[in-house]
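A.B. asks: Input file: coords-v2.cif. Contents: mmCIF, C-alpha atoms and all ligand atoms.
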data_final
loop_
_atom_site.label_atom_id
_atom_site.label_comp_id
_atom_site.auth_asym_id
_atom_site.auth_seq_id
_atom_site.Cartn_x
_atom_site.Cartn_y
_atom_site.Cartn_z
CA MET A 1 -42.99 50.47 26.16
CA LYS A 2 -45.10 50.08 29.32
CA VAL A 3 -48.03 47.90 30.23
CA GLY A 4 -50.92 49.05 32.45
CA ALA A 5 -51.18 47.33 35.85
CA PRO A 6 -54.71 45.89 35.22
CA GLN A 7 -53.65 44.63 31.79
CA PHE A 8 -50.54 42.96 33.24
CA THR A 9 -52.61 41.31 35.98
CA TYR A 10 -55.13 40.10 33.38
CA LEU A 11 -52.35 38.58 31.26
CA CYS A 12 -50.72 36.77 34.20
CA GLU A 13 -54.08 35.41 35.31
CA LEU A 14 -54.87 34.21 31.78
CA LEU A 15 -51.48 32.46 31.57
CA ARG A 16 -52.05 30.76 34.94
CA LYS A 17 -55.58 29.63 34.05
CA ARG A 18 -54.71 28.27 30.62
CA THR A 19 -51.29 26.72 31.24
CA GLY A 20 -50.62 26.59 34.99
CA VAL A 21 -47.58 28.86 34.61
CA VAL A 22 -47.33 31.40 37.42
CA ILE A 23 -45.61 34.74 36.82
CA ASP A 24 -45.36 37.24 39.65
CA GLY A 25 -45.42 41.05 39.45
CA SER A 26 -41.62 41.34 39.66
CA LYS A 27 -41.32 39.80 36.17
CA GLU A 28 -43.15 42.63 34.42
CA TYR A 29 -39.97 43.86 32.68
CA LEU A 30 -39.40 40.33 31.34
CA VAL A 31 -42.94 39.97 30.03
CA VAL A 32 -42.72 43.36 28.30
CA ALA A 33 -39.42 42.40 26.65
CA ARG A 34 -40.87 39.07 25.50
CA LEU A 35 -44.03 40.60 24.06
CA MET A 36 -42.38 43.45 22.17
CA PRO A 37 -41.45 41.31 19.12
CA ILE A 38 -45.16 40.36 18.75
CA VAL A 39 -46.21 44.02 19.02
CA ARG A 40 -43.70 44.96 16.32
CA GLN A 41 -44.40 42.00 14.00
CA ARG A 42 -48.11 42.66 14.02
CA ALA A 43 -47.71 46.47 13.93
CA ILE A 44 -49.89 46.86 17.04
CA PRO A 45 -49.68 50.43 18.49
CA SER A 46 -49.12 49.45 22.15
CA LEU A 47 -48.93 46.57 24.59
CA ASP A 48 -52.24 47.60 26.12
CA THR A 49 -53.86 47.39 22.65
CA LEU A 50 -52.38 43.90 22.24
CA ILE A 51 -53.91 42.82 25.54
CA ASP A 52 -57.26 44.39 24.66
CA ARG A 53 -57.27 42.35 21.44
CA ILE A 54 -56.69 39.18 23.44
CA ARG A 55 -59.53 40.10 25.81
CA LYS A 56 -61.87 40.55 22.86
CA GLY A 57 -60.79 37.21 21.37
CA ILE A 58 -60.52 38.73 17.87
CA ASP A 59 -57.51 36.69 16.76
CA PRO A 60 -57.40 33.11 18.08
CA THR A 61 -53.70 32.61 17.32
CA LEU A 62 -52.76 35.81 19.14
CA GLU A 63 -53.59 34.46 22.61
CA ARG A 64 -51.52 31.31 22.08
CA ASP A 65 -48.55 33.27 20.68
CA VAL A 66 -48.64 35.74 23.57
CA LEU A 67 -48.90 33.04 26.26
CA SER A 68 -46.12 31.12 24.58
CA ALA A 69 -43.92 34.24 24.45
CA MET A 70 -44.45 34.76 28.19
CA MET A 71 -42.95 31.32 28.96
CA THR A 72 -39.33 30.28 29.37
CA HIS A 73 -38.16 27.90 26.63
CA GLU A 74 -34.56 27.50 27.80
CA THR A 75 -33.17 24.07 26.89
CA SER A 76 -30.02 22.34 25.62
CA PHE A 77 -28.80 19.00 24.32
CA PHE A 78 -28.20 16.38 27.06
CA ARG A 79 -29.21 18.95 29.68
CA ASP A 80 -27.87 17.97 33.13
CA ARG A 81 -26.26 14.82 31.62
CA SER A 82 -27.20 12.54 34.54
CA PRO A 83 -30.73 11.58 33.36
CA PHE A 84 -29.23 10.50 30.03
CA GLU A 85 -26.47 8.53 31.78
CA THR A 86 -29.16 6.87 33.90
CA LEU A 87 -31.00 5.88 30.73
CA ARG A 88 -27.82 4.58 29.10
CA GLN A 89 -26.30 2.72 32.05
CA GLN A 90 -29.35 1.50 33.96
CA LEU A 91 -32.82 1.92 32.57
CA ILE A 92 -32.58 1.09 28.88
CA PRO A 93 -30.50 -2.08 29.41
CA ALA A 94 -33.03 -3.22 32.04
CA LEU A 95 -35.98 -2.37 29.78
CA ILE A 96 -34.40 -4.26 26.89
CA GLU A 97 -34.43 -7.37 29.03
CA ARG A 98 -37.94 -6.87 30.40
CA ARG A 99 -39.51 -5.90 27.06
CA ALA A 100 -37.83 -8.64 25.04
CA ALA A 101 -41.20 -10.20 24.19
CA GLN A 102 -43.01 -7.00 23.15
CA ARG A 103 -39.97 -5.31 21.56
CA GLN A 104 -41.46 -1.89 22.13
CA LEU A 105 -40.21 1.22 23.96
CA THR A 106 -42.05 4.51 24.37
CA PHE A 107 -40.52 7.75 25.63
CA TRP A 108 -42.38 10.99 26.31
CA SER A 109 -40.65 14.37 26.48
CA ALA A 110 -43.54 16.33 27.94
CA ALA A 111 -42.38 19.94 27.59
CA CYS A 112 -39.87 19.52 24.82
CA SER A 113 -39.33 23.17 23.85
CA THR A 114 -37.24 23.44 20.65
CA GLY A 115 -36.51 19.70 20.56
CA GLN A 116 -33.07 19.31 22.10
CA GLU A 117 -34.42 16.96 24.82
CA PRO A 118 -36.18 14.39 22.59
CA TYR A 119 -33.37 14.58 20.00
CA SER A 120 -30.85 13.89 22.78
CA ILE A 121 -32.77 10.70 23.58
CA ALA A 122 -32.77 9.81 19.87
CA ILE A 123 -29.01 10.42 19.61
CA LEU A 124 -28.40 8.31 22.73
CA LEU A 125 -30.45 5.45 21.29
CA ASN A 126 -28.63 5.60 17.97
CA GLU A 127 -25.24 5.85 19.64
CA HIS A 128 -25.60 3.06 22.20
CA PHE A 129 -28.57 0.87 21.29
CA ARG A 130 -28.48 0.74 17.51
CA ASP A 131 -29.43 -2.96 17.35
CA LEU A 132 -32.61 -2.16 19.20
CA LEU A 133 -33.60 0.41 16.63
CA GLY A 134 -33.59 -2.00 13.75
CA SER A 135 -35.93 -4.56 15.18
CA TRP A 136 -37.89 -2.82 17.95
CA GLN A 137 -40.69 -0.31 17.76
CA VAL A 138 -39.17 2.75 19.42
CA ARG A 139 -41.14 5.95 19.72
CA ILE A 140 -40.26 9.31 21.30
CA LEU A 141 -43.34 11.42 21.74
CA ALA A 142 -42.39 15.09 22.17
CA THR A 143 -45.01 17.65 23.19
CA ASP A 144 -45.20 21.31 24.17
CA PHE A 145 -47.83 24.04 24.58
CA SER A 146 -46.00 26.41 22.26
CA GLU A 147 -46.45 26.14 18.50
CA THR A 148 -43.53 28.55 18.09
CA VAL A 149 -41.01 26.19 19.70
CA LEU A 150 -42.55 23.13 18.05
CA THR A 151 -42.02 24.68 14.61
CA GLN A 152 -38.28 24.87 15.29
CA ALA A 153 -38.30 21.42 16.90
CA ARG A 154 -39.94 19.85 13.85
CA ALA A 155 -37.47 21.57 11.51
CA GLY A 156 -34.63 19.93 13.51
CA VAL A 157 -32.19 22.69 12.51
CA PHE A 158 -29.95 24.28 15.15
CA ASN A 159 -27.37 27.08 15.07
CA ASN A 160 -23.78 26.87 16.31
CA LEU A 161 -24.65 28.26 19.71
CA GLU A 162 -27.37 25.66 20.22
CA THR A 163 -25.27 22.70 19.08
CA ALA A 164 -22.31 23.89 21.20
CA ARG A 165 -24.52 23.55 24.26
CA GLY A 166 -24.32 19.87 25.09
CA LEU A 167 -23.06 18.19 21.90
CA SER A 168 -19.48 16.98 21.52
CA PRO A 169 -17.82 17.64 18.11
CA GLU A 170 -18.03 13.87 17.48
CA LEU A 171 -21.79 13.67 18.06
CA LEU A 172 -22.32 16.81 15.99
CA GLN A 173 -20.43 15.34 13.01
CA LYS A 174 -22.13 11.98 13.36
CA TYR A 175 -25.77 13.01 13.79
CA PHE A 176 -26.05 16.38 12.00
CA ARG A 177 -25.30 17.67 8.52
CA PRO A 178 -24.41 21.29 7.70
CA LEU A 179 -27.28 23.29 6.27
CA GLN A 180 -26.89 26.95 5.31
CA GLY A 181 -24.59 27.81 8.22
CA LYS A 182 -26.60 25.71 10.68
CA TRP A 183 -26.90 22.02 11.54
CA SER A 184 -29.73 19.70 10.51
CA ILE A 185 -30.38 16.57 12.57
CA SER A 186 -30.00 13.23 10.78
CA GLN A 187 -32.91 11.16 9.56
CA ASP A 188 -31.85 8.34 11.92
CA CYS A 189 -32.76 10.57 14.88
CA ARG A 190 -35.59 12.52 13.30
CA ARG A 191 -37.63 9.45 12.42
CA LEU A 192 -37.84 8.37 16.07
CA VAL A 193 -39.43 11.62 17.28
CA GLU A 194 -43.05 12.58 16.87
CA PHE A 195 -43.91 16.19 17.81
CA ARG A 196 -47.39 17.19 18.98
CA THR A 197 -49.00 20.23 20.56
CA LEU A 198 -50.16 19.41 24.07
CA ASN A 199 -51.12 21.59 27.01
CA LEU A 200 -50.23 19.74 30.22
CA ASN A 201 -52.86 21.78 32.02
CA THR A 202 -55.90 20.58 30.02
CA THR A 203 -57.37 17.17 29.26
CA TRP A 204 -55.05 15.12 27.06
CA PRO A 205 -55.90 13.16 23.94
CA MET A 206 -55.30 9.41 24.02
CA MET A 207 -51.76 8.90 25.27
CA PRO A 208 -49.71 5.75 24.76
CA LEU A 209 -48.44 3.92 27.83
CA CYS A 210 -44.90 5.18 28.39
CA ASP A 211 -41.74 3.52 29.65
CA ILE A 212 -39.87 6.77 30.32
CA VAL A 213 -41.35 10.22 30.89
CA PHE A 214 -39.27 13.42 30.96
CA VAL A 215 -41.15 16.36 32.52
CA ARG A 216 -38.17 18.55 33.13
CA ASN A 217 -37.86 22.21 33.97
CA VAL A 218 -41.53 22.98 33.52
CA MET A 219 -43.08 22.16 36.92
CA ILE A 220 -40.96 24.89 38.54
CA TYR A 221 -43.32 27.34 36.83
CA PHE A 222 -46.47 25.68 38.24
CA ASP A 223 -48.01 26.08 41.69
CA ILE A 224 -48.08 23.08 44.03
CA ALA A 225 -51.69 22.11 43.22
CA THR A 226 -51.01 22.08 39.46
CA ARG A 227 -47.86 20.01 40.04
CA ALA A 228 -49.74 17.50 42.16
CA THR A 229 -52.48 17.09 39.54
CA LEU A 230 -49.94 16.72 36.75
CA VAL A 231 -47.80 14.05 38.43
CA GLU A 232 -50.93 12.08 39.32
CA ARG A 233 -52.08 12.16 35.68
CA ILE A 234 -48.63 11.11 34.51
CA ARG A 235 -48.86 8.07 36.81
CA HIS A 236 -51.73 6.85 34.65
CA VAL A 237 -49.69 6.92 31.43
CA LEU A 238 -46.50 5.53 32.96
CA ARG A 239 -45.99 1.76 32.97
CA PRO A 240 -45.66 0.28 36.47
CA ASP A 241 -41.93 -0.34 35.93
CA GLY A 242 -41.43 2.95 34.07
CA ALA A 243 -39.50 6.03 35.18
CA LEU A 244 -40.31 9.71 35.57
CA PHE A 245 -37.50 12.28 35.33
CA LEU A 246 -37.76 15.86 36.59
CA GLY A 247 -35.41 18.81 36.15
CA GLY A 248 -32.33 19.23 38.37
CA ALA A 249 -34.05 21.87 40.52
CA GLU A 250 -37.35 19.98 40.74
CA SER A 251 -38.64 17.29 43.07
CA LEU A 252 -41.91 15.61 43.95
CA ILE A 253 -41.82 16.95 47.51
CA GLY A 254 -45.40 17.58 48.56
CA THR A 255 -46.78 15.69 45.56
CA GLU A 256 -44.96 12.36 45.69
CA ASN A 257 -47.53 10.08 47.26
CA GLY A 258 -47.98 7.96 44.16
CA TYR A 259 -44.27 7.48 43.48
CA GLU A 260 -41.15 6.02 45.00
CA ARG A 261 -37.86 7.83 44.57
CA LEU A 262 -34.99 5.82 43.10
CA THR A 263 -31.31 6.61 42.63
CA GLY A 264 -29.95 6.86 39.12
CA VAL A 265 -26.48 7.83 37.90
CA GLY A 266 -25.98 11.19 39.63
CA CYS A 267 -29.69 11.97 39.86
CA SER A 268 -32.99 10.68 41.18
CA TYR A 269 -35.94 9.46 39.22
CA TYR A 270 -39.41 8.27 40.20
CA ARG A 271 -41.35 5.05 39.74
CA PRO A 272 -45.11 4.74 40.24
CA LYS A 273 -46.11 2.90 43.41
CA PRO A 274 -48.35 -0.06 42.73
CA ARG A 275 -52.01 1.04 42.65
C1 LIG B 1 -37.74 25.58 30.27
S1 LIG B 1 -38.47 24.67 28.96
C2 LIG B 1 -37.90 23.04 29.34
C3 LIG B 1 -37.49 22.26 28.11
C4 LIG B 1 -36.91 20.88 28.38
N1 LIG B 1 -37.84 20.02 29.03
C5 LIG B 1 -35.64 20.99 29.19
O1 LIG B 1 -35.63 20.62 30.35
O2 LIG B 1 -34.63 21.44 28.65
C6 LIG B 1 -40.18 24.62 29.49
C7 LIG B 1 -41.14 24.31 28.37
O3 LIG B 1 -42.41 24.04 28.97
C8 LIG B 1 -43.40 24.48 28.08
N2 LIG B 1 -44.67 24.62 28.85
C9 LIG B 1 -44.98 25.50 29.82
N3 LIG B 1 -46.23 25.29 30.26
C10 LIG B 1 -46.72 24.25 29.56
C11 LIG B 1 -47.97 23.55 29.56
N4 LIG B 1 -48.97 23.90 30.37
N5 LIG B 1 -48.12 22.52 28.71
C12 LIG B 1 -47.11 22.15 27.90
N6 LIG B 1 -45.92 22.76 27.83
C13 LIG B 1 -45.72 23.81 28.67
C14 LIG B 1 -42.87 25.79 27.53
O4 LIG B 1 -43.46 26.12 26.29
C15 LIG B 1 -41.36 25.48 27.41
O5 LIG B 1 -41.03 25.11 26.10
#
Any chance you could give the structure as structure tokens?
C.D. replies:
Amino acid sequence: MKVGAPQFTYLCELLRKRTGVVIDGSKEYLVVARLMPIVRQRAIPSLDTLIDRIRKGIDPTLERDVLSAMMTHETSFFRDRSPFETLRQQLIPALIERRAAQRQLTFWSAACSTGQEPYSIAILLNEHFRDLLGSWQVRILATDFSETVLTQARAGVFNNLETARGLSPELLQKYFRPLQGKWSISQDCRRLVEFRTLNLNTTWPMMPLCDIVFVRNVMIYFDIATRATLVERIRHVLRPDGALFLGGAESLIGTENGYERLTGVGCSYYRPKPR
């Protein structure tokens, strides 16, 4: 199925305006492939009709589903390893000492996709800092624009392919139970994670002050101005001694004025400069 050039341009512009995600003309084949399941599910005669319906604003959920389908939701457990090693070896032990009076830790996974990132943090906490979990208030806020991915994230059920990406057999046996040919994450991990819909490109509801923020593999889809605005807003929800992690292919180059770059275990992370 084909999409008309003006309709494709309209869709890309809508995606950019609403979410900050930039898609260029060369990705038309990808967008078509991603939108076809929606066309079929809703028995819409053509892609152009689908886009016309969005333009007319007839179905409010349609726009969100289409924009979400245009995005990349690629993720895996313990993706890139090094941020999680940095948490385990450096940051969490240091935070445990510094927060001994408050006994509170807040993590934010700010584009969490289907949940592997926040659940990896929950598994790490259970595996290495179990004592902390009993007596401290630990919270992992996990947010994404897409309701579709959040539905899977909340369910906490993953297939063999998904669990094979990043989980050792030991962690799988310890923190998941079999469920109808798939794997369901344990209550110990689930109870730490709170999923919410949140568009990083609009005003946010009240956010808690965070100790650790993961904004990984999402800024690559934004233009430089959107990135700069986002990292500045994150600075306001990050504690002064907190840490911001980006994806392996991302950096704050061009947007880093408010942060200093620090060396973790095999990766860098960022700390807000004093205001
Ligand atoms: C490639 S995934 C990254 C998932 C995870 N952070 C990781 O590194 O594995 C990017 C996610 O960003 C989300 N996203 C894109 N634009 C967004 C926006 N404006 N607000 C919130 N989430 C957004 C997408 O829905 C997608 O799930």
A.B. asks: Produce as a PDB file with C-alpha atoms, keeping the file's coordinate frame the set of residues near ligand LIG 1 (chain B), where near means within 6 Å with all atoms listed in the file considered.
C.D. replies:
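The resulting file, result-v4.pdb, is reproduced below:
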ATOM      1  CA  THR A  19     -51.290  26.720  31.240  1.00  0.00           C
ATOM      2  CA  GLY A  20     -50.620  26.590  34.990  1.00  0.00           C
ATOM      3  CA  VAL A  21     -47.580  28.860  34.610  1.00  0.00           C
ATOM      4  CA  SER A  68     -46.120  31.120  24.580  1.00  0.00           C
ATOM      5  CA  MET A  71     -42.950  31.320  28.960  1.00  0.00           C
ATOM      6  CA  THR A  72     -39.330  30.280  29.370  1.00  0.00           C
ATOM      7  CA  HIS A  73     -38.160  27.900  26.630  1.00  0.00           C
ATOM      8  CA  GLU A  74     -34.560  27.500  27.800  1.00  0.00           C
ATOM      9  CA  THR A  75     -33.170  24.070  26.890  1.00  0.00           C
ATOM     10  CA  SER A  76     -30.020  22.340  25.620  1.00  0.00           C
ATOM     11  CA  ALA A 111     -42.380  19.940  27.590  1.00  0.00           C
ATOM     12  CA  CYS A 112     -39.870  19.520  24.820  1.00  0.00           C
ATOM     13  CA  SER A 113     -39.330  23.170  23.850  1.00  0.00           C
ATOM     14  CA  GLU A 117     -34.420  16.960  24.820  1.00  0.00           C
ATOM     15  CA  ASP A 144     -45.200  21.310  24.170  1.00  0.00           C
ATOM     16  CA  PHE A 145     -47.830  24.040  24.580  1.00  0.00           C
ATOM     17  CA  SER A 146     -46.000  26.410  22.260  1.00  0.00           C
ATOM     18  CA  LEU A 198     -50.160  19.410  24.070  1.00  0.00           C
ATOM     19  CA  ASN A 199     -51.120  21.590  27.010  1.00  0.00           C
ATOM     20  CA  LEU A 200     -50.230  19.740  30.220  1.00  0.00           C
ATOM     21  CA  ASN A 201     -52.860  21.780  32.020  1.00  0.00           C
ATOM     22  CA  ARG A 216     -38.170  18.550  33.130  1.00  0.00           C
ATOM     23  CA  ASN A 217     -37.860  22.210  33.970  1.00  0.00           C
ATOM     24  CA  VAL A 218     -41.530  22.980  33.520  1.00  0.00           C
TER      25      VAL A 218
END
A.B. asks: Name the residues within 10 Å of (-48.1, 31.9, 34.2), counting only C-alpha atoms in the file's coordinates, and put them as number ranges by chain.
C.D. replies: A: 11-24, 67-68, 70-71, 221-223
A.B. asks: Dump as a list in words all residues having an atom at most 12 Å from (-38.6, 48.8, 26.7), computed in the file's coordinates with all atoms listed in the file.
C.D. replies: Met1, Lys2, Val3, Glu28, Tyr29, Leu30, Val31, Val32, Ala33, Arg34, Leu35, Met36, Pro37, Val39, Ser46 and Leu47 of chain A
A.B. asks: Write a file of the selected residues as a short mmCIF file (atom, residue, chain, number, x, y, z; two decimals), keeping the file's coordinate frame, keeping C-alpha atoms.
C.D. replies:
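Below you can see out_5.cif, which holds the result:
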data_model
loop_
_atom_site.label_atom_id
_atom_site.label_comp_id
_atom_site.auth_asym_id
_atom_site.auth_seq_id
_atom_site.Cartn_x
_atom_site.Cartn_y
_atom_site.Cartn_z
CA MET A 1 -42.99 50.47 26.16
CA LYS A 2 -45.10 50.08 29.32
CA VAL A 3 -48.03 47.90 30.23
CA GLU A 28 -43.15 42.63 34.42
CA TYR A 29 -39.97 43.86 32.68
CA LEU A 30 -39.40 40.33 31.34
CA VAL A 31 -42.94 39.97 30.03
CA VAL A 32 -42.72 43.36 28.30
CA ALA A 33 -39.42 42.40 26.65
CA ARG A 34 -40.87 39.07 25.50
CA LEU A 35 -44.03 40.60 24.06
CA MET A 36 -42.38 43.45 22.17
CA PRO A 37 -41.45 41.31 19.12
CA VAL A 39 -46.21 44.02 19.02
CA SER A 46 -49.12 49.45 22.15
CA LEU A 47 -48.93 46.57 24.59
#
A.B. asks: Please write out, as JSON, where the centre of an axis-aligned box around all listed atoms of region 86-94 of chain A lies and how long its edges are, in Å to one decimal, after adding 8 Å on each side.
C.D. replies:
{"center_x": -29.7, "center_y": 1.8, "center_z": 31.4, "size_x": 22.7, "size_y": 26.1, "size_z": 21.1}
A.B. asks: Which residues are close to Arg271 (chain A), i.e. within 6 Å by all atoms listed in the file, leaving aside same-chain residues fewer than 5 positions away? Reply as a PDB file with C-alpha atoms, keeping the file's coordinate frame.
C.D. replies:
ATOM      1  CA  ALA A 243     -39.500   6.030  35.180  1.00  0.00           C
ATOM      2  CA  TYR A 259     -44.270   7.480  43.480  1.00  0.00           C
ATOM      3  CA  GLU A 260     -41.150   6.020  45.000  1.00  0.00           C
TER       4      GLU A 260
END
A.B. asks: For a test of reading the model, state the distance in Å between CA of Thr263 (chain A) and CA of Asp211 (chain A), rounded to one decimal.
C.D. replies: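 It comes out at 16.9 Å.
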A.B. asks: What is the CA of Tyr269 (chain A)-CA of Phe84 (chain A) distance in Å, reported with one decimal?
C.D. replies: 11.4 Å
A.B. asks: Point out the residue among A:Glu232, A:Leu179, A:Gly4, A:Glu250 with the least atom-to-atom distance to Val157 (chain A), counting all atoms listed in the file.
C.D. replies: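 Among A:Glu232, A:Leu179, A:Gly4, A:Glu250, it is A:Leu179 that comes nearest to Val157 (chain A).
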A.B. asks: Interatomic distance between CA of Val213 (chain A) and CA of Ala101 (chain A)?
C.D. replies: 21.5 Å
A.B. asks: Contacts of Gln89 (chain A) at 8 Å or less, counting all atoms listed in the file, minus same-chain residues fewer than 4 places along, as a PyMOL selection string?
C.D. replies: chain A and resi 85+93+265
A.B. asks: Would you mind telling me which residue in A:Pro178, A:Gly25, A:Pro205, A:Pro6 lies nearest to Asp48 (chain A) when using only C-alpha atoms?
C.D. replies: A:Pro6
